[in-house]
>>> print(open('work-v1.cif').read())   # mmCIF, N, CA and C atoms
data_target
loop_
_atom_site.label_atom_id
_atom_site.label_comp_id
_atom_site.auth_asym_id
_atom_site.auth_seq_id
_atom_site.Cartn_x
_atom_site.Cartn_y
_atom_site.Cartn_z
N VAL V 1 99.03 95.97 69.61
CA VAL V 1 99.61 95.82 70.94
C VAL V 1 98.48 95.64 71.95
N GLN V 2 98.70 94.76 72.90
CA GLN V 2 97.73 94.56 73.99
C GLN V 2 98.30 95.20 75.26
N LEU V 3 97.42 95.83 76.01
CA LEU V 3 97.83 96.55 77.21
C LEU V 3 97.09 96.02 78.43
N GLN V 4 97.81 95.85 79.52
CA GLN V 4 97.20 95.37 80.76
C GLN V 4 97.66 96.26 81.91
N ALA V 5 96.73 97.04 82.44
CA ALA V 5 97.05 97.91 83.57
C ALA V 5 96.84 97.19 84.89
N SER V 6 97.66 97.55 85.86
CA SER V 6 97.55 96.97 87.19
C SER V 6 98.10 97.95 88.22
N GLY V 7 97.87 97.62 89.49
CA GLY V 7 98.44 98.43 90.56
C GLY V 7 97.46 99.32 91.29
N GLY V 8 96.22 99.35 90.83
CA GLY V 8 95.23 100.17 91.52
C GLY V 8 94.88 99.59 92.88
N GLY V 9 94.14 100.37 93.66
CA GLY V 9 93.73 99.91 94.97
C GLY V 9 93.19 101.05 95.79
N LEU V 10 93.02 100.76 97.07
CA LEU V 10 92.50 101.74 98.03
C LEU V 10 93.66 102.30 98.83
N VAL V 11 93.73 103.62 98.91
CA VAL V 11 94.82 104.27 99.64
C VAL V 11 94.25 105.50 100.34
N GLN V 12 94.85 105.85 101.45
CA GLN V 12 94.43 107.05 102.16
C GLN V 12 95.02 108.30 101.51
N ALA V 13 94.34 109.40 101.68
CA ALA V 13 94.84 110.67 101.18
C ALA V 13 96.26 110.91 101.69
N GLY V 14 97.12 111.38 100.80
CA GLY V 14 98.51 111.59 101.14
C GLY V 14 99.41 110.40 100.83
N GLY V 15 98.79 109.28 100.53
CA GLY V 15 99.55 108.07 100.24
C GLY V 15 100.03 108.00 98.80
N SER V 16 100.61 106.86 98.46
CA SER V 16 101.19 106.65 97.13
C SER V 16 100.75 105.32 96.55
N LEU V 17 100.72 105.29 95.24
CA LEU V 17 100.49 104.06 94.48
C LEU V 17 101.33 104.13 93.22
N LYS V 18 101.70 102.96 92.70
CA LYS V 18 102.40 102.91 91.42
C LYS V 18 101.63 102.01 90.48
N LEU V 19 101.16 102.57 89.40
CA LEU V 19 100.46 101.80 88.38
C LEU V 19 101.46 101.29 87.35
N SER V 20 101.15 100.12 86.83
CA SER V 20 101.95 99.55 85.75
C SER V 20 101.03 99.22 84.59
N CYS V 21 101.60 99.24 83.40
CA CYS V 21 100.87 98.85 82.19
C CYS V 21 101.79 97.99 81.36
N ALA V 22 101.51 96.71 81.31
CA ALA V 22 102.33 95.76 80.57
C ALA V 22 101.83 95.66 79.14
N ALA V 23 102.75 95.79 78.20
CA ALA V 23 102.41 95.72 76.78
C ALA V 23 102.91 94.42 76.20
N SER V 24 102.14 93.88 75.27
CA SER V 24 102.55 92.65 74.60
C SER V 24 102.04 92.66 73.17
N GLY V 25 102.66 91.83 72.36
CA GLY V 25 102.16 91.66 71.00
C GLY V 25 102.86 92.47 69.95
N HIS V 26 103.64 93.46 70.35
CA HIS V 26 104.35 94.27 69.36
C HIS V 26 105.47 95.02 70.05
N THR V 27 106.36 95.61 69.28
CA THR V 27 107.50 96.33 69.84
C THR V 27 107.03 97.57 70.57
N PHE V 28 107.14 97.54 71.89
CA PHE V 28 106.62 98.61 72.74
C PHE V 28 107.24 99.96 72.40
N SER V 29 108.51 99.95 72.02
CA SER V 29 109.21 101.21 71.76
C SER V 29 108.73 101.90 70.50
N ARG V 30 107.83 101.27 69.76
CA ARG V 30 107.25 101.91 68.58
C ARG V 30 105.96 102.67 68.91
N TYR V 31 105.70 102.84 70.20
CA TYR V 31 104.46 103.46 70.62
C TYR V 31 104.70 104.62 71.58
N ALA V 32 104.01 105.73 71.34
CA ALA V 32 103.84 106.73 72.38
C ALA V 32 102.70 106.25 73.27
N VAL V 33 102.81 106.51 74.55
CA VAL V 33 101.82 105.97 75.48
C VAL V 33 101.38 107.03 76.49
N GLY V 34 100.27 106.76 77.13
CA GLY V 34 99.75 107.72 78.09
C GLY V 34 98.84 107.06 79.10
N TRP V 35 98.57 107.81 80.15
CA TRP V 35 97.60 107.42 81.18
C TRP V 35 96.42 108.40 81.13
N PHE V 36 95.23 107.85 81.16
CA PHE V 36 94.01 108.62 81.25
C PHE V 36 93.25 108.15 82.50
N ARG V 37 92.28 108.94 82.92
CA ARG V 37 91.44 108.50 84.02
C ARG V 37 90.02 109.00 83.83
N ARG V 38 89.08 108.21 84.39
CA ARG V 38 87.69 108.60 84.38
C ARG V 38 87.18 108.55 85.81
N ALA V 39 86.89 109.73 86.32
CA ALA V 39 86.32 109.83 87.66
C ALA V 39 84.82 109.58 87.59
N PRO V 40 84.20 109.20 88.70
CA PRO V 40 82.76 108.94 88.69
C PRO V 40 81.96 110.13 88.15
N GLY V 41 81.14 109.86 87.15
CA GLY V 41 80.29 110.89 86.59
C GLY V 41 80.98 111.87 85.67
N LYS V 42 82.23 111.61 85.33
CA LYS V 42 82.98 112.55 84.48
C LYS V 42 83.50 111.85 83.24
N GLU V 43 84.00 112.66 82.32
CA GLU V 43 84.58 112.11 81.10
C GLU V 43 86.01 111.63 81.38
N ARG V 44 86.52 110.84 80.46
CA ARG V 44 87.89 110.36 80.58
C ARG V 44 88.86 111.47 80.17
N ASP V 45 89.83 111.74 80.99
CA ASP V 45 90.76 112.84 80.76
C ASP V 45 92.20 112.34 80.79
N ILE V 46 93.05 113.09 80.10
CA ILE V 46 94.48 112.78 80.13
C ILE V 46 95.05 113.05 81.51
N VAL V 47 95.95 112.18 81.94
CA VAL V 47 96.68 112.37 83.19
C VAL V 47 98.13 112.70 82.88
N ALA V 48 98.74 111.86 82.06
CA ALA V 48 100.14 112.04 81.69
C ALA V 48 100.41 111.28 80.41
N ALA V 49 101.43 111.73 79.68
CA ALA V 49 101.78 111.08 78.43
C ALA V 49 103.30 111.11 78.25
N ILE V 50 103.81 110.19 77.44
CA ILE V 50 105.25 110.07 77.26
C ILE V 50 105.55 109.62 75.85
N SER V 51 106.62 110.15 75.28
CA SER V 51 107.00 109.79 73.92
C SER V 51 107.63 108.40 73.88
N TRP V 52 107.88 107.88 72.69
CA TRP V 52 108.35 106.51 72.57
C TRP V 52 109.70 106.29 73.26
N SER V 53 110.56 107.33 73.24
CA SER V 53 111.89 107.19 73.85
C SER V 53 111.86 107.46 75.36
N GLY V 54 110.78 108.08 75.82
CA GLY V 54 110.73 108.51 77.22
C GLY V 54 111.30 109.89 77.43
N GLY V 55 111.78 110.51 76.36
CA GLY V 55 112.44 111.80 76.48
C GLY V 55 111.53 112.99 76.60
N ASN V 56 110.27 112.81 76.27
CA ASN V 56 109.30 113.91 76.34
C ASN V 56 108.08 113.47 77.12
N THR V 57 107.69 114.29 78.08
CA THR V 57 106.57 113.95 78.94
C THR V 57 105.60 115.11 79.08
N TYR V 58 104.37 114.76 79.42
CA TYR V 58 103.31 115.75 79.64
C TYR V 58 102.55 115.35 80.90
N TYR V 59 102.13 116.37 81.66
CA TYR V 59 101.30 116.14 82.83
C TYR V 59 100.13 117.12 82.83
N ALA V 60 98.97 116.62 83.19
CA ALA V 60 97.84 117.51 83.43
C ALA V 60 98.18 118.39 84.64
N ASP V 61 97.65 119.60 84.63
CA ASP V 61 97.95 120.54 85.72
C ASP V 61 97.59 119.96 87.09
N SER V 62 96.53 119.18 87.12
CA SER V 62 96.03 118.65 88.39
C SER V 62 96.99 117.65 89.04
N VAL V 63 97.94 117.11 88.28
CA VAL V 63 98.83 116.10 88.84
C VAL V 63 100.30 116.50 88.81
N LYS V 64 100.60 117.65 88.23
CA LYS V 64 101.99 118.10 88.16
C LYS V 64 102.61 118.18 89.53
N GLY V 65 103.83 117.66 89.64
CA GLY V 65 104.54 117.68 90.91
C GLY V 65 104.18 116.54 91.84
N ARG V 66 103.14 115.77 91.50
CA ARG V 66 102.72 114.64 92.34
C ARG V 66 102.86 113.31 91.62
N PHE V 67 102.62 113.30 90.32
CA PHE V 67 102.68 112.07 89.53
C PHE V 67 103.90 112.08 88.63
N THR V 68 104.44 110.90 88.36
CA THR V 68 105.57 110.76 87.44
C THR V 68 105.29 109.61 86.48
N ILE V 69 105.34 109.91 85.20
CA ILE V 69 105.17 108.87 84.18
C ILE V 69 106.56 108.43 83.72
N SER V 70 106.71 107.15 83.49
CA SER V 70 107.98 106.62 82.99
C SER V 70 107.71 105.35 82.22
N ARG V 71 108.70 104.89 81.51
CA ARG V 71 108.55 103.66 80.73
C ARG V 71 109.88 102.92 80.71
N ASP V 72 109.79 101.62 80.57
CA ASP V 72 110.96 100.77 80.42
C ASP V 72 110.73 99.96 79.15
N ASN V 73 111.33 100.39 78.06
CA ASN V 73 111.09 99.72 76.79
C ASN V 73 111.66 98.30 76.77
N ALA V 74 112.68 98.06 77.53
CA ALA V 74 113.24 96.71 77.60
C ALA V 74 112.28 95.74 78.29
N LYS V 75 111.47 96.27 79.19
CA LYS V 75 110.51 95.44 79.92
C LYS V 75 109.09 95.58 79.36
N ASN V 76 108.93 96.38 78.30
CA ASN V 76 107.61 96.57 77.69
C ASN V 76 106.57 97.05 78.70
N THR V 77 106.98 98.00 79.53
CA THR V 77 106.10 98.42 80.62
C THR V 77 106.10 99.94 80.77
N LEU V 78 104.90 100.45 81.01
CA LEU V 78 104.65 101.86 81.30
C LEU V 78 104.30 101.96 82.78
N TYR V 79 104.73 103.05 83.41
CA TYR V 79 104.47 103.24 84.84
C TYR V 79 103.83 104.61 85.11
N LEU V 80 103.14 104.68 86.23
CA LEU V 80 102.67 105.95 86.75
C LEU V 80 102.84 105.93 88.26
N GLN V 81 103.83 106.67 88.74
CA GLN V 81 104.04 106.80 90.17
C GLN V 81 103.17 107.95 90.67
N MET V 82 102.31 107.65 91.62
CA MET V 82 101.36 108.65 92.12
C MET V 82 101.64 108.89 93.60
N ASN V 83 102.05 110.10 93.93
CA ASN V 83 102.33 110.49 95.30
C ASN V 83 101.36 111.57 95.76
N SER V 84 101.31 111.76 97.05
CA SER V 84 100.44 112.80 97.63
C SER V 84 99.02 112.72 97.07
N LEU V 85 98.49 111.53 97.07
CA LEU V 85 97.18 111.30 96.46
C LEU V 85 96.08 112.05 97.21
N LYS V 86 95.10 112.50 96.45
CA LYS V 86 93.96 113.25 96.97
C LYS V 86 92.69 112.49 96.64
N PRO V 87 91.62 112.73 97.40
CA PRO V 87 90.35 112.07 97.08
C PRO V 87 89.90 112.34 95.65
N GLU V 88 90.21 113.50 95.11
CA GLU V 88 89.81 113.81 93.74
C GLU V 88 90.60 113.04 92.68
N ASP V 89 91.61 112.30 93.10
CA ASP V 89 92.32 111.41 92.18
C ASP V 89 91.60 110.08 92.01
N THR V 90 90.55 109.87 92.77
CA THR V 90 89.77 108.64 92.65
C THR V 90 89.19 108.51 91.25
N ALA V 91 89.50 107.41 90.59
CA ALA V 91 89.07 107.22 89.20
C ALA V 91 89.49 105.84 88.74
N VAL V 92 88.97 105.46 87.58
CA VAL V 92 89.51 104.31 86.87
C VAL V 92 90.61 104.84 85.95
N TYR V 93 91.79 104.25 86.05
CA TYR V 93 92.94 104.69 85.28
C TYR V 93 93.18 103.73 84.11
N TYR V 94 93.39 104.31 82.93
CA TYR V 94 93.59 103.54 81.71
C TYR V 94 94.94 103.88 81.09
N CYS V 95 95.62 102.88 80.56
CA CYS V 95 96.80 103.16 79.74
C CYS V 95 96.39 103.04 78.27
N ALA V 96 97.08 103.80 77.44
CA ALA V 96 96.76 103.84 76.02
C ALA V 96 98.04 103.97 75.21
N ALA V 97 97.98 103.51 73.96
CA ALA V 97 99.17 103.51 73.11
C ALA V 97 98.82 103.98 71.71
N LYS V 98 99.79 104.66 71.11
CA LYS V 98 99.66 105.13 69.73
C LYS V 98 100.93 104.75 68.96
N ARG V 99 100.74 104.05 67.86
CA ARG V 99 101.87 103.67 67.03
C ARG V 99 102.48 104.92 66.40
N VAL V 100 103.81 105.04 66.46
CA VAL V 100 104.48 106.20 65.88
C VAL V 100 105.67 105.73 65.05
N ILE V 101 106.20 106.64 64.25
CA ILE V 101 107.44 106.37 63.54
C ILE V 101 108.58 106.90 64.38
N ILE V 102 109.76 106.34 64.21
CA ILE V 102 110.88 106.61 65.12
C ILE V 102 111.30 108.07 65.14
N THR V 103 111.06 108.79 64.04
CA THR V 103 111.45 110.20 64.00
C THR V 103 110.45 111.10 64.72
N ASN V 104 109.36 110.52 65.16
CA ASN V 104 108.28 111.28 65.77
C ASN V 104 108.28 111.03 67.28
N ASP V 105 109.22 111.65 67.97
CA ASP V 105 109.41 111.40 69.41
C ASP V 105 108.67 112.43 70.24
N ILE V 106 107.35 112.40 70.12
CA ILE V 106 106.52 113.34 70.86
C ILE V 106 105.44 112.59 71.62
N TYR V 107 104.77 113.29 72.55
CA TYR V 107 103.66 112.70 73.28
C TYR V 107 102.35 113.18 72.68
N TYR V 108 101.28 112.52 73.07
CA TYR V 108 99.95 112.84 72.58
C TYR V 108 99.01 112.97 73.78
N THR V 109 98.13 113.95 73.72
CA THR V 109 97.28 114.22 74.89
C THR V 109 95.80 114.02 74.65
N ARG V 110 95.40 113.82 73.42
CA ARG V 110 93.97 113.67 73.15
C ARG V 110 93.59 112.20 73.10
N GLU V 111 92.44 111.90 73.66
CA GLU V 111 91.95 110.53 73.68
C GLU V 111 91.89 109.96 72.28
N GLY V 112 91.47 110.77 71.31
CA GLY V 112 91.32 110.29 69.95
C GLY V 112 92.63 109.98 69.24
N ASN V 113 93.76 110.41 69.83
CA ASN V 113 95.06 110.09 69.23
C ASN V 113 95.39 108.61 69.38
N TYR V 114 94.83 107.97 70.39
CA TYR V 114 95.25 106.62 70.78
C TYR V 114 94.35 105.55 70.18
N GLY V 115 94.98 104.53 69.65
CA GLY V 115 94.22 103.45 69.02
C GLY V 115 94.15 102.19 69.85
N TYR V 116 94.94 102.14 70.91
CA TYR V 116 95.00 100.92 71.73
C TYR V 116 94.80 101.30 73.19
N TRP V 117 93.94 100.53 73.85
CA TRP V 117 93.59 100.83 75.23
C TRP V 117 93.62 99.55 76.06
N GLY V 118 94.06 99.72 77.30
CA GLY V 118 93.97 98.62 78.25
C GLY V 118 92.69 98.74 79.04
N HIS V 119 92.34 97.66 79.74
CA HIS V 119 91.26 97.73 80.70
C HIS V 119 91.73 98.58 81.88
N GLY V 120 90.85 99.25 82.49
CA GLY V 120 91.21 100.17 83.55
C GLY V 120 91.55 99.48 84.86
N THR V 121 92.20 100.24 85.71
CA THR V 121 92.47 99.79 87.08
C THR V 121 91.96 100.89 88.02
N LEU V 122 91.21 100.47 89.03
CA LEU V 122 90.53 101.44 89.90
C LEU V 122 91.45 101.91 91.01
N VAL V 123 91.51 103.23 91.15
CA VAL V 123 92.23 103.86 92.25
C VAL V 123 91.21 104.60 93.10
N THR V 124 91.18 104.27 94.38
CA THR V 124 90.27 104.92 95.31
C THR V 124 91.08 105.55 96.42
N VAL V 125 90.90 106.86 96.58
CA VAL V 125 91.63 107.59 97.61
C VAL V 125 90.63 108.04 98.67
N SER V 126 90.81 107.56 99.87
CA SER V 126 89.89 107.91 100.96
C SER V 126 90.40 109.14 101.71
N SER V 127 89.47 109.92 102.20
CA SER V 127 89.85 111.15 102.93
C SER V 127 90.04 110.88 104.41
#
>>> encode(input="work-v1.cif", output="structure tokens")
Amino acid sequence: VQLQASGGGLVQAGGSLKLSCAASGHTFSRYAVGWFRRAPGKERDIVAAISWSGGNTYYADSVKGRFTISRDNAKNTLYLQMNSLKPEDTAVYYCAAKRVIITNDIYYTREGNYGYWGHGTLVTVSS
């Protein structure tokens, strides 16, 4: 599967952005997917993850209550709605996918779980 993230940009603190990740090349619903981010000078960390059906989700503590992960399997697209953005949310955001079997409707939080990655999209939050 090929992944293409988009939607990043410059926003003021308190603002909102919605990231999208378009998947192609394979049946999107056969993949658990997630969003990661790498802030300047830091390692890449999990932001949010979602199971193949969308029924199970995970959020890092730092974004709980502010970010919402969702997916539209009919449109082969993953989303990340980001509200109440803070300067510390500034990072390059990556979408990632892991092939799963249909009976395995869970999310994955470790970078090493994912075999497919999109190019990142930069989110900059000004104070």
>>> residues_around(input="work-v1.cif", residues="range 44-49 of chain V", least_positions_apart="2", cutoff="8 Å", atoms="all atoms listed in the file", output="VMD selection string")
chain V and resid 32 to 39 41 to 42 51 to 52 54 56 to 64 67 to 70 106 to 111
>>> closest_residue(input="work-v1.cif", among="V:Ala97, V:Leu78, V:Leu85, V:Val92", to="Ala13 in chain V", atoms="all atoms listed in the file")
V:Leu85
>>> axis_aligned_box(input="work-v1.cif", around="range 18-27 of chain V", padding_each_side="6 Å", output="lines of an AutoDock Vina configuration file")
center_x = 104.0
center_y = 97.3
center_z = 81.0
size_x = 19.0
size_y = 23.3
size_z = 35.4
>>> closest_residue(input="work-v1.cif", among="V:Lys98, V:Asn73, V:Gly115, V:Gly120", to="Ser53 in chain V", atoms="all atoms listed in the file")
V:Asn73
>>> residues_around(input="work-v1.cif", residues="Cys21 in chain V", least_positions_apart="3", cutoff="6.5 Å", atoms="all atoms listed in the file", output="MDAnalysis selection string")
chainID V and resid 3:6 76:80 95
>>> resolve_selection(input="work-v1.cif", expression="the PyMOL selection byres ((chain V and resi 125) around 7)", output="PDB file with N, CA and C atoms, in the frame of the given file")
ATOM      1  N   GLY V   9      94.140 100.370  93.660  1.00  0.00           N
ATOM      2  CA  GLY V   9      93.730  99.910  94.970  1.00  0.00           C
ATOM      3  C   GLY V   9      93.190 101.050  95.790  1.00  0.00           C
ATOM      4  N   LEU V  10      93.020 100.760  97.070  1.00  0.00           N
ATOM      5  CA  LEU V  10      92.500 101.740  98.030  1.00  0.00           C
ATOM      6  C   LEU V  10      93.660 102.300  98.830  1.00  0.00           C
ATOM      7  N   VAL V  11      93.730 103.620  98.910  1.00  0.00           N
ATOM      8  CA  VAL V  11      94.820 104.270  99.640  1.00  0.00           C
ATOM      9  C   VAL V  11      94.250 105.500 100.340  1.00  0.00           C
ATOM     10  N   GLN V  12      94.850 105.850 101.450  1.00  0.00           N
ATOM     11  CA  GLN V  12      94.430 107.050 102.160  1.00  0.00           C
ATOM     12  C   GLN V  12      95.020 108.300 101.510  1.00  0.00           C
ATOM     13  N   ALA V  13      94.340 109.400 101.680  1.00  0.00           N
ATOM     14  CA  ALA V  13      94.840 110.670 101.180  1.00  0.00           C
ATOM     15  C   ALA V  13      96.260 110.910 101.690  1.00  0.00           C
ATOM     16  N   LEU V  85      98.490 111.530  97.070  1.00  0.00           N
ATOM     17  CA  LEU V  85      97.180 111.300  96.460  1.00  0.00           C
ATOM     18  C   LEU V  85      96.080 112.050  97.210  1.00  0.00           C
ATOM     19  N   LYS V  86      95.100 112.500  96.450  1.00  0.00           N
ATOM     20  CA  LYS V  86      93.960 113.250  96.970  1.00  0.00           C
ATOM     21  C   LYS V  86      92.690 112.490  96.640  1.00  0.00           C
ATOM     22  N   PRO V  87      91.620 112.730  97.400  1.00  0.00           N
ATOM     23  CA  PRO V  87      90.350 112.070  97.080  1.00  0.00           C
ATOM     24  C   PRO V  87      89.900 112.340  95.650  1.00  0.00           C
ATOM     25  N   GLU V  88      90.210 113.500  95.110  1.00  0.00           N
ATOM     26  CA  GLU V  88      89.810 113.810  93.740  1.00  0.00           C
ATOM     27  C   GLU V  88      90.600 113.040  92.680  1.00  0.00           C
ATOM     28  N   ASP V  89      91.610 112.300  93.100  1.00  0.00           N
ATOM     29  CA  ASP V  89      92.320 111.410  92.180  1.00  0.00           C
ATOM     30  C   ASP V  89      91.600 110.080  92.010  1.00  0.00           C
ATOM     31  N   THR V  90      90.550 109.870  92.770  1.00  0.00           N
ATOM     32  CA  THR V  90      89.770 108.640  92.650  1.00  0.00           C
ATOM     33  C   THR V  90      89.190 108.510  91.250  1.00  0.00           C
ATOM     34  N   ALA V  91      89.500 107.410  90.590  1.00  0.00           N
ATOM     35  CA  ALA V  91      89.070 107.220  89.200  1.00  0.00           C
ATOM     36  C   ALA V  91      89.490 105.840  88.740  1.00  0.00           C
ATOM     37  N   VAL V 123      91.510 103.230  91.150  1.00  0.00           N
ATOM     38  CA  VAL V 123      92.230 103.860  92.250  1.00  0.00           C
ATOM     39  C   VAL V 123      91.210 104.600  93.100  1.00  0.00           C
ATOM     40  N   THR V 124      91.180 104.270  94.380  1.00  0.00           N
ATOM     41  CA  THR V 124      90.270 104.920  95.310  1.00  0.00           C
ATOM     42  C   THR V 124      91.080 105.550  96.420  1.00  0.00           C
ATOM     43  N   SER V 126      90.810 107.560  99.870  1.00  0.00           N
ATOM     44  CA  SER V 126      89.890 107.910 100.960  1.00  0.00           C
ATOM     45  C   SER V 126      90.400 109.140 101.710  1.00  0.00           C
ATOM     46  N   SER V 127      89.470 109.920 102.200  1.00  0.00           N
ATOM     47  CA  SER V 127      89.850 111.150 102.930  1.00  0.00           C
ATOM     48  C   SER V 127      90.040 110.880 104.410  1.00  0.00           C
TER      49      SER V 127
END
>>> closest_residue(input="work-v1.cif", among="V:Gly118, V:Leu19, V:Gly8, V:Phe28", to="Asp72 in chain V", atoms="only N, CA and C atoms")
V:Phe28
>>> select_by_dssp(input="work-v1.cif", residues="chain V", states="strand (DSSP E)", output="number ranges by chain")
V: 2-6, 9-12, 17-24, 31-38, 44-50, 57-59, 67-72, 77-82, 91-99, 116-117, 121-126
>>> atom_distance(input="work-v1.cif", atom1="atom C of Lys18 in chain V", atom2="atom C of Met82 in chain V")
7.6 Å
>>> atom_distance(input="work-v1.cif", atom1="CA of Asn113 in chain V", atom2="CA of Gln2 in chain V")
16.5 Å
>>> atom_distance(input="work-v1.cif", atom1="atom N of Tyr114 in chain V", atom2="atom N of Ser20 in chain V")
19.3 Å
>>> closest_residue(input="work-v1.cif", among="V:Arg66, V:Glu43, V:Leu122, V:Tyr31", to="Ile101 in chain V", atoms="all atoms listed in the file")
V:Tyr31
>>> closest_residue(input="work-v1.cif", among="V:Ser29, V:Gly15, V:Tyr93, V:Thr103", to="His119 in chain V", atoms="all atoms listed in the file")
V:Tyr93
>>> decode(input="work-v1.cif", residues="range 38-54 of chain V", atoms="N, CA, C and O atoms", output="short mmCIF file (atom, residue, chain, number, x, y, z; two decimals), in the first residue's frame")
data_model
loop_
_atom_site.label_atom_id
_atom_site.label_comp_id
_atom_site.auth_asym_id
_atom_site.auth_seq_id
_atom_site.Cartn_x
_atom_site.Cartn_y
_atom_site.Cartn_z
N ARG V 38 7.26 13.52 14.48
CA ARG V 38 8.62 13.75 14.93
C ARG V 38 8.81 15.25 15.09
O ARG V 38 8.78 15.99 14.11
N ALA V 39 8.97 15.64 16.34
CA ALA V 39 9.24 17.04 16.64
C ALA V 39 10.72 17.32 16.44
O ALA V 39 11.54 16.39 16.47
N PRO V 40 11.09 18.57 16.24
CA PRO V 40 12.50 18.91 16.04
C PRO V 40 13.39 18.39 17.18
O PRO V 40 13.10 18.62 18.35
N GLY V 41 14.41 17.64 16.82
CA GLY V 41 15.34 17.13 17.80
C GLY V 41 14.86 15.96 18.62
O GLY V 41 15.52 15.55 19.58
N LYS V 42 13.71 15.40 18.26
CA LYS V 42 13.14 14.29 19.05
C LYS V 42 12.91 13.07 18.17
O LYS V 42 12.98 13.15 16.94
N GLU V 43 12.62 11.97 18.83
CA GLU V 43 12.31 10.74 18.10
C GLU V 43 10.86 10.78 17.60
O GLU V 43 10.05 11.56 18.07
N ARG V 44 10.57 9.89 16.68
CA ARG V 44 9.22 9.78 16.17
C ARG V 44 8.34 9.03 17.17
O ARG V 44 8.73 7.93 17.62
N ASP V 45 7.22 9.58 17.50
CA ASP V 45 6.34 9.01 18.52
C ASP V 45 4.93 8.81 17.98
O ASP V 45 4.49 9.53 17.08
N ILE V 46 4.24 7.86 18.59
CA ILE V 46 2.84 7.62 18.23
C ILE V 46 1.99 8.81 18.65
O ILE V 46 2.20 9.38 19.74
N VAL V 47 1.03 9.15 17.81
CA VAL V 47 0.05 10.18 18.14
C VAL V 47 -1.31 9.53 18.36
O VAL V 47 -1.97 9.74 19.37
N ALA V 48 -1.72 8.73 17.39
CA ALA V 48 -3.01 8.05 17.46
C ALA V 48 -2.99 6.86 16.53
O ALA V 48 -2.23 6.83 15.57
N ALA V 49 -3.83 5.88 16.84
CA ALA V 49 -3.91 4.68 16.01
C ALA V 49 -5.35 4.19 15.96
O ALA V 49 -6.16 4.49 16.86
N ILE V 50 -5.66 3.43 14.92
CA ILE V 50 -7.04 2.97 14.72
C ILE V 50 -7.02 1.60 14.08
O ILE V 50 -6.18 1.31 13.22
N SER V 51 -7.95 0.75 14.48
CA SER V 51 -8.02 -0.59 13.92
C SER V 51 -8.61 -0.58 12.51
O SER V 51 -9.13 0.45 12.06
N TRP V 52 -8.60 -1.71 11.84
CA TRP V 52 -9.01 -1.73 10.44
C TRP V 52 -10.47 -1.32 10.26
O TRP V 52 -10.84 -0.71 9.27
N SER V 53 -11.32 -1.66 11.25
CA SER V 53 -12.75 -1.33 11.14
C SER V 53 -13.05 0.09 11.61
O SER V 53 -14.14 0.61 11.36
N GLY V 54 -12.11 0.68 12.33
CA GLY V 54 -12.36 1.99 12.94
C GLY V 54 -12.98 1.88 14.31
O GLY V 54 -13.22 2.88 14.98
#
